[in-house]
Amino acid sequence: MQLRLLCKTVFPTFPDAPQECSAYTRLFLTDTPSRLVYVLYAKPQTDAPIITHTARAKWEGSLGLSNDDKDWQYCLDQLQAISPNGRLRLIHFKYIHQYYYTSLRLYRYKLQQSAVCDRCWADPADFLHLAWCCPVVANFWGPVFATLSTMLWAAVHPTPLVALLHCTRQIPRAVRRLASVALFLAKRCVAVT
Ligand SMILES: [Zn+2]
């Protein structure tokens with residue numbers, strides 16, 4: 001399903017073939033398996049700006065605000081800076097692209113009967129609800145930010161930009177790294193519970 005979503009993102013006409021698209025032709029009409037592997041590897045990299053622009057538009061739509069370029073670039077930079085651990089980077093990647101299987105997504109895929117949240121029974125439970133708006137999750141984020149502000153001797157305001165996208169530029173540089181690690185661990189807890 002995620003591969004299908006990626007194809008729909010890269011090829012707006014998917015599953016129909018576009019009229020003029022050399023990339024599509026190269027992807028599906030290659031004559032050798034080794035060539036196909038090369039194209040599959042190179043394609044997401046060449047189309048990375050398209051994919052990240054889509055993710056950014058989705059976040060801006062969800063939050064009802066327009067992030068500036070510096071915030072968004074900082075968020076993307078955290079993919080490299082957050083940790084050398086690939087698994088931990090993957091969690092941040094999934095947050096950026098909202099790839100988690102929410103109740104709403106499972107309902108749309110016809111894998112469950114409703115889009116109701118498992119924690120508070122709100123309907124529909126999209127990604128922003130799962131990670132931020134759900135009252136059960138809000139009761140988790142509140143103490144996280146309060147504790148962080150106390151420990152760092154600096155006010156860290158609870159916003160989805162900071163908590164979910166790691167736009168921690170507002171935090172003083174001296175304690176930013178520590179705050180980033182703490183927020184990341186909190187984010188992982190939300191993702192796995
Ligand atoms: Zn909920």
# chains A, B, ... in the order shown; residues from 1 in each chain; ligands from 1

$ residues_near_ligand --ligand "ligand 1" --cutoff "6 Å" --atoms "only C-alpha atoms and all ligand atoms" --output "PyMOL selection string"
chain A and resi 117+119-122+134

$ residues_around --residues "segment 106-110 of chain A" --least-positions-apart "6" --cutoff "12 Å" --atoms "only C-alpha atoms" --output "list in words"
Met1, Gln2, Arg4, Leu5, Tyr99, Tyr100, Val116, Cys117, Asp123, Pro124, Ala125, Asp126 and Phe127 of chain A

$ atom_distance --atom1 "atom CA of Leu128 of chain A" --atom2 "atom CA of Ser103 of chain A"
11.5 Å

$ residues_around --residues "segment 155-168 of chain A" --least-positions-apart "2" --cutoff "9 Å" --atoms "only C-alpha atoms" --output "PyMOL selection string"
chain A and resi 63+67+71-72+74-76+78+92+95-96+128+131-132+141-142+144-146+148-150+152-153+170-172+176+179-180+183-184+186-187

$ closest_residue --among "A:Ser62, A:Arg173, A:Ala81, A:Gln112" --to "Cys133 of chain A" --atoms "only C-alpha atoms"
A:Ser62

$ atom_distance --atom1 "atom CA of Gln98 of chain A" --atom2 "atom CA of Arg56 of chain A"
10.3 Å

$ decode --residues "segment 98-150 of chain A" --atoms "C-alpha atoms" --output "compact mmCIF listing (two decimals), in the first residue's frame"
# COMPACT_ATOMS: atom_id res chain seq x y z
CA GLN A 98 2.40 10.83 7.97
CA TYR A 99 2.87 7.18 7.03
CA TYR A 100 1.41 5.57 10.13
CA TYR A 101 -1.63 3.35 9.78
CA THR A 102 -4.24 5.45 11.51
CA SER A 103 -7.80 4.33 12.00
CA LEU A 104 -8.84 6.65 9.19
CA ARG A 105 -6.32 5.13 6.80
CA LEU A 106 -7.27 1.56 7.71
CA TYR A 107 -10.93 2.47 7.22
CA ARG A 108 -10.18 3.93 3.78
CA TYR A 109 -8.31 0.74 2.88
CA LYS A 110 -11.38 -1.20 4.03
CA LEU A 111 -9.33 -3.02 6.65
CA GLN A 112 -11.59 -2.02 9.53
CA GLN A 113 -15.22 -1.06 9.99
CA SER A 114 -14.81 2.54 11.16
CA ALA A 115 -12.32 5.39 11.50
CA VAL A 116 -12.89 5.71 15.25
CA CYS A 117 -9.89 6.46 17.50
CA ASP A 118 -8.93 3.48 19.66
CA ARG A 119 -8.08 5.78 22.57
CA CYS A 120 -10.93 8.31 22.79
CA TRP A 121 -13.50 7.06 20.24
CA ALA A 122 -13.35 10.29 18.23
CA ASP A 123 -14.21 9.95 14.56
CA PRO A 124 -12.32 10.24 12.25
CA ALA A 125 -8.89 9.53 13.74
CA ASP A 126 -6.40 10.89 11.22
CA PHE A 127 -2.65 11.22 11.74
CA LEU A 128 -2.77 14.60 13.47
CA HIS A 129 -5.38 13.23 15.88
CA LEU A 130 -3.31 10.12 16.57
CA ALA A 131 -0.09 12.05 17.23
CA TRP A 132 -1.31 15.31 18.75
CA CYS A 133 -5.01 16.19 19.06
CA CYS A 134 -6.30 13.07 20.81
CA PRO A 135 -7.12 13.99 24.46
CA VAL A 136 -5.26 10.89 25.67
CA VAL A 137 -2.14 11.90 23.73
CA ALA A 138 -2.52 15.56 24.80
CA ASN A 139 -2.34 14.37 28.42
CA PHE A 140 1.00 12.84 27.50
CA TRP A 141 2.46 15.83 25.62
CA GLY A 142 1.51 18.37 28.30
CA PRO A 143 3.76 16.90 31.03
CA VAL A 144 6.51 16.23 28.47
CA PHE A 145 6.76 19.93 27.59
CA ALA A 146 6.34 21.03 31.21
CA THR A 147 9.16 18.74 32.33
CA LEU A 148 11.33 19.84 29.43
CA SER A 149 10.83 23.52 30.25
CA THR A 150 11.73 22.88 33.89
